[in-house]
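One structure is given below, encoded as C-alpha cells.
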Amino acid sequence: MKIHKTLIASLALSAGMTLSAQTNEMVIQTKKPGAEIQPTMYGLFFEDINYGADGGLYAELVKNRSFEFPQNLMGWKTFGKVTLQNDGPFERNPHYVRLTEPGHAHKRTGLENEGFFGIGIKSGEEYRFSVWARLPQGGTSSKIRVELVKPNSMGEQHAFASQDLVIDSKDWKKYQVILKGGITEPKSILRIFLSSTTTVDLEHVSLFPVDTWKGRENGLRKDLAQDLADIKPGVFRFPGGCIVEGTDLDTRYDWKKTVGPVENRPLNENRWHYTFPHRFYPDYYQSYGMGFYEFFLLSEEIGAEPLPVLSCGLACQFQNNDAEAHVAVCDLDSYVQDALDLIEFANGDVNTTWGKVRADMGHPAPFNLKFIGIGNEQWGPEYPEHLAPFITAIRKAYPEMKIIGSSGPGSEGKDFDYLWPEMKRLKVDLVDEHFYRPESWFLSQGARYDNYDRKGPKVFAGEYACHGKGKKWNHFHAALLEAAFMTGMERNADIVHMATYAPLFAHVEGWQWRPDMIWFDNMSSVRTASYLVQQLFALNKGSNVLSLTMDKKNVTGAEGQNGLFASAVWEQRDNTIIVKVVNTSDKAQPVTLNFAGLKKQDVLSDGVCIKLRSLNIDADNTLENPTAIQPQESPVSIEGNILNAELEPYTFALYKFKKK
Ligand code: AHR
C-alpha cells in the first residue's frame, strides 16, 4: 500500500498536481467526535396530495362512503329505486341512501362504488364490508347482497365474491361481513343490492382489507405503511403542506374534525383536486378517516417523533389573498386554543377534556408530543404577526414544547431573508425551509449550512426534492444530487436537526405533483431512488459528526473537488465509522479515505461498501420494474488507516467500518 501511495504521489507531483487532487484524499478525524446528530435528523413528511391518504395510505376502498361529496352520489352508480336522504344518524354526515323494492321479482335496486381508480382486490385475501343500516318502514328483516365484481373488457361483469347481509332492526346499527375472492383484480367494483322486498337505509358504506398495517380496523394499507417503517424515520410531519392552510379558512385542515368516531368526521375538500388545471381530480376529497389520532398512532408505530402542523390563521397565500382569508390577529383566540388543545389531545392526562378523547379512541397513554409547527408556507409581515400569539400561549402552557416556524416557500430571496430574522426574533426553536429546486441548485448548495448562525433557531429542511430542469419527474440523477446535498446537512447536524423529502406518496393514476418518494397503484408500491437515498442516510445516520476534509476543506462539490461531496459520522452504539461519498461527475474518481488518528491497536474491520448507481441516470424504479436500481453491498478491507477506492461516475457510496 505504501508503495502504491508513493508511486501515485510522485506521478501526481510530476504532473504538477497536488496529491489530494489526484487521489481525492479525504481525511476523516476518527478521534474527535463532533456535533451530536439528532434522532430526528432524517424523517418523513406526509400530506394528502397525489391521493396519499384517501385512495392511498388510508386503506378504505370505498370512495364517498358517507354520500357527502357535493354531488352526493359521486363515485356511485345507482339502479332501481334508490333515493338520497339527509336525516341520518351522524350529525356531521347526514346523507344516506334508501333502497326500495323495485316492483318486480326480476328487477333490482342497488348501487355500485367505483373505488379509487377501481378497487384493488387480491386473491385469497379477506375484505371487511361494513355498513350502517336500518329498516325505515319496519318489518322484521330485509336482506342485501354485497358483491365484488370484475368488469371485463367486453363490458361483461362477473361477481367473484358475494355475501348476504340480514338487516334486522328499525334502528340504525352497524353490520359487517367478510368477502374473500379467488382472483386478483385491481379494478373491481363493489355492488350492493336489495335481495328481499323490505326497504333498507344504508349509510357509511365501507370496505377495508382485513390485513391492514398492524391489523387495525379503520387501518392503513400495509405495504405503504411498511415502506414508511423501513426508513426508520426520526420524525413524522403531518398533515401538510398546503392542505393545512386551505384555499380559504373554512377548508383549512381542522384537526378537531378528524378525531372521534370515524362515521361522524365531516368531509373536507382537498385543494389538490383543483390546484393544477392540467391535473384536475374532481373526486378528490378528504374523508378525515385518517385523522390526527391515526397520525399520532402511526408515528408511534414507526418510531418517529410526531410533528403536527396547524393553521396560523392564514389561508394559502398562493391561492387566496382576500381579506377574509386572513383571521385578524385580535381574533386568533380559537386558533391558538386549537393548538393548546392539540397538545392536550396528544399528551394530556385521561382526565383532561382532550386527553379523554384520545383515551376513548383507544390510547390512554400520552403520545409524548415534543414538536409543533404553526403555519406552512406563509410569508410577509402577517406571518410573524400571526405566529407571535401562538408562541406566547404555547410557551406559557407548555414550556418544553419545541415550536417550528417557517421561512416561507423559497430557499432564498426576499421572503426568506425577511422571515429568518423574524423567526430568530420570535425565538422559534426550528425554522422550516422548503426547496424544490433544479440540479444546478443542488450542486451549488453543498456548503449551504456551513456558515449558518449557530446561535439562533435550528433548521428543519421540511420539504425538498431535486426537480430536474425540464425533467420534473423521478430519475436517478435527481436522487444522486439529493444525496450530495444531504452530506452538507449531515456535516452541519449541529444546526440541521430534521430533514424530510417531499412529497411522500403518489398514486400512478392520480398524481398532481412529482417527483415523489413512493409511487403506488391499487395493488403495490415502488420505492424510488430518492427513497433509497433517504433510507441509506436514515439507517446510517450515526450519533456524531466526524470532520472530513480534502485539502483541509469540506467536500462540498466546490471548484477543484471533482464533483465530490462527502460526510462522515460515528455511531456510538456499535462503534462504527460511516463515510458517505457522492460522485456527481460523469467521470470515475479515485478516492482515498484516510482515517486519521487511529492508534496501532485501533482496527477497522467488517468493512462494507454500499453503492447506489444506475447506468441510465434518467431512469428510476417503476411499478413494472421496482428493483431496477438497488443498493449493491460488497465487503471492503482496509490496510491500516487508508482505503483506496474508485468511484464510478454518478455514484453514491457509503463505507462502513467497525472500530475495535
Ligand atoms: O409538497 C407539495 C407542496 O409543496 C406542499 O403542500 C407545500 O408546502 C409546498 O408548496
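Chain labels run A, B, ... following the order of the C-alpha cells; each chain numbers its residues from 1, and ligands are numbered from 1 in the order shown.
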Checklist line | Close residues, region 250-264 of chain A itself excluded, 10 Å, only C-alpha atoms, min 4 positions apart in chain, as a PyMOL selection string | finding: chain A and resi 65-66+89-94+132+203-205+218+239-240+242-246+268-271+286-294+308-311+313-316+325+335+338-339+341-342+345+354+357-358+360-361
Note to self: Residues contacting ligand 1 - anything with an atom at most 8 Å away, using only C-alpha atoms and all ligand atoms - can you give me those as an NGL selection string?
What the structure shows: :A and (47 or 49 or 240-243 or 376-377 or 409 or 434 or 436 or 463 or 502-503 or 513)
Same residues, N, CA and C atoms, saved as a PDB file, in the first residue's frame:
```pdb
ATOM      1  N   GLU A  47     -48.444  14.331   3.391  1.00  0.00           N
ATOM      2  CA  GLU A  47     -49.569  15.199   3.060  1.00  0.00           C
ATOM      3  C   GLU A  47     -50.524  14.421   2.160  1.00  0.00           C
ATOM      4  N   ILE A  49     -51.738  14.538  -0.723  1.00  0.00           N
ATOM      5  CA  ILE A  49     -51.599  15.029  -2.090  1.00  0.00           C
ATOM      6  C   ILE A  49     -51.384  13.766  -2.916  1.00  0.00           C
ATOM      7  N   GLY A 240     -49.640  18.350   6.374  1.00  0.00           N
ATOM      8  CA  GLY A 240     -49.237  19.120   5.188  1.00  0.00           C
ATOM      9  C   GLY A 240     -48.347  20.220   5.676  1.00  0.00           C
ATOM     10  N   GLY A 241     -47.838  20.974   4.731  1.00  0.00           N
ATOM     11  CA  GLY A 241     -48.261  21.180   3.392  1.00  0.00           C
ATOM     12  C   GLY A 241     -49.439  22.158   3.289  1.00  0.00           C
ATOM     13  N   CYS A 242     -49.683  22.452   2.034  1.00  0.00           N
ATOM     14  CA  CYS A 242     -50.716  23.444   1.732  1.00  0.00           C
ATOM     15  C   CYS A 242     -52.086  23.080   2.291  1.00  0.00           C
ATOM     16  N   ILE A 243     -52.374  21.765   2.454  1.00  0.00           N
ATOM     17  CA  ILE A 243     -53.738  21.461   2.917  1.00  0.00           C
ATOM     18  C   ILE A 243     -53.957  21.903   4.367  1.00  0.00           C
ATOM     19  N   ASN A 376     -47.568  26.900   7.458  1.00  0.00           N
ATOM     20  CA  ASN A 376     -46.786  26.136   6.487  1.00  0.00           C
ATOM     21  C   ASN A 376     -45.929  27.108   5.678  1.00  0.00           C
ATOM     22  N   GLU A 377     -46.318  27.364   4.439  1.00  0.00           N
ATOM     23  CA  GLU A 377     -45.520  28.290   3.625  1.00  0.00           C
ATOM     24  C   GLU A 377     -46.169  29.671   3.667  1.00  0.00           C
ATOM     25  N   PRO A 409     -41.935  29.974   1.240  1.00  0.00           N
ATOM     26  CA  PRO A 409     -41.889  28.945   0.196  1.00  0.00           C
ATOM     27  C   PRO A 409     -40.566  28.844  -0.551  1.00  0.00           C
ATOM     28  N   HIS A 434     -38.106  25.180   2.784  1.00  0.00           N
ATOM     29  CA  HIS A 434     -38.597  24.346   1.674  1.00  0.00           C
ATOM     30  C   HIS A 434     -37.809  24.644   0.412  1.00  0.00           C
ATOM     31  N   TYR A 436     -37.733  23.082  -3.590  1.00  0.00           N
ATOM     32  CA  TYR A 436     -37.929  22.208  -4.748  1.00  0.00           C
ATOM     33  C   TYR A 436     -37.137  22.872  -5.869  1.00  0.00           C
ATOM     34  N   GLU A 463     -39.316  20.346   3.467  1.00  0.00           N
ATOM     35  CA  GLU A 463     -39.789  19.869   2.160  1.00  0.00           C
ATOM     36  C   GLU A 463     -38.676  20.129   1.167  1.00  0.00           C
ATOM     37  N   ALA A 502     -40.038  15.620   0.104  1.00  0.00           N
ATOM     38  CA  ALA A 502     -41.467  15.794  -0.190  1.00  0.00           C
ATOM     39  C   ALA A 502     -41.740  15.803  -1.696  1.00  0.00           C
ATOM     40  N   PRO A 503     -42.965  15.447  -2.100  1.00  0.00           N
ATOM     41  CA  PRO A 503     -43.955  14.717  -1.314  1.00  0.00           C
ATOM     42  C   PRO A 503     -43.583  13.237  -1.162  1.00  0.00           C
ATOM     43  N   TRP A 513     -48.422  16.123  -8.386  1.00  0.00           N
ATOM     44  CA  TRP A 513     -47.107  16.714  -8.152  1.00  0.00           C
ATOM     45  C   TRP A 513     -46.067  15.604  -8.251  1.00  0.00           C
TER      46      TRP A 513
END
```
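Distance check against Val582 (chain A) using only C-alpha atoms: of A:Ala483, A:Lys656, A:Gln630, A:Asn544, the minimum falls on A:Ala483.
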Check: Using only C-alpha atoms, which residues sit within 10 Å of Gly468 (chain A) once same-chain residues fewer than 2 positions away are excluded, as a ChimeraX atom specification?
Finding: /A:436-440,465-466,470-475,477-478,481,515,618
Item checked: DSSP-assigned strand (DSSP E) among region 277-366 of chain A, expressed as number ranges by chain -> A: 285-286, 305-310
I need the residues from that last selection saved to file as a CSV table (one decimal), in the first residue's frame (with N, CA, C and O atoms), if you can.
```csv
chain,number,residue,atom,x,y,z
A,285,TYR,N,-61.4,14.3,-2.4
A,285,TYR,CA,-61.8,14.9,-1.1
A,285,TYR,C,-61.0,14.3,0.1
A,285,TYR,O,-60.4,13.2,-0.1
A,286,GLN,N,-61.1,14.9,1.2
A,286,GLN,CA,-60.6,14.4,2.4
A,286,GLN,C,-61.7,13.8,3.3
A,286,GLN,O,-62.5,14.6,3.8
A,305,GLU,N,-40.8,10.8,15.9
A,305,GLU,CA,-41.5,11.9,16.7
A,305,GLU,C,-42.6,12.5,15.9
A,305,GLU,O,-42.3,12.9,14.8
A,306,PRO,N,-43.8,12.6,16.4
A,306,PRO,CA,-44.8,13.2,15.7
A,306,PRO,C,-44.6,14.7,15.6
A,306,PRO,O,-44.1,15.3,16.5
A,307,LEU,N,-44.9,15.3,14.4
A,307,LEU,CA,-44.7,16.8,14.3
A,307,LEU,C,-45.9,17.3,13.5
A,307,LEU,O,-45.9,17.4,12.3
A,308,PRO,N,-47.0,17.6,14.3
A,308,PRO,CA,-48.2,18.1,13.6
A,308,PRO,C,-48.0,19.6,13.2
A,308,PRO,O,-47.3,20.3,13.9
A,309,VAL,N,-48.6,20.0,12.2
A,309,VAL,CA,-48.5,21.4,11.7
A,309,VAL,C,-50.0,21.9,11.7
A,309,VAL,O,-50.9,21.3,11.2
A,310,LEU,N,-50.2,23.1,12.3
A,310,LEU,CA,-51.5,23.7,12.3
A,310,LEU,C,-51.6,25.0,11.6
A,310,LEU,O,-50.6,25.7,11.4
```
Next item on the list: Identify which of the residues A:Gln176, A:Ser530, A:Ser637, A:Asn594 lies closest to Arg613 (chain A), counting only C-alpha atoms when measuring atom-to-atom distances.
Entry: A:Ser530
Item checked: Which of A:Ser188, A:Thr199, A:Asn575, A:Ser142 sits closest to Val97 (chain A) [using only C-alpha atoms] -> A:Thr199
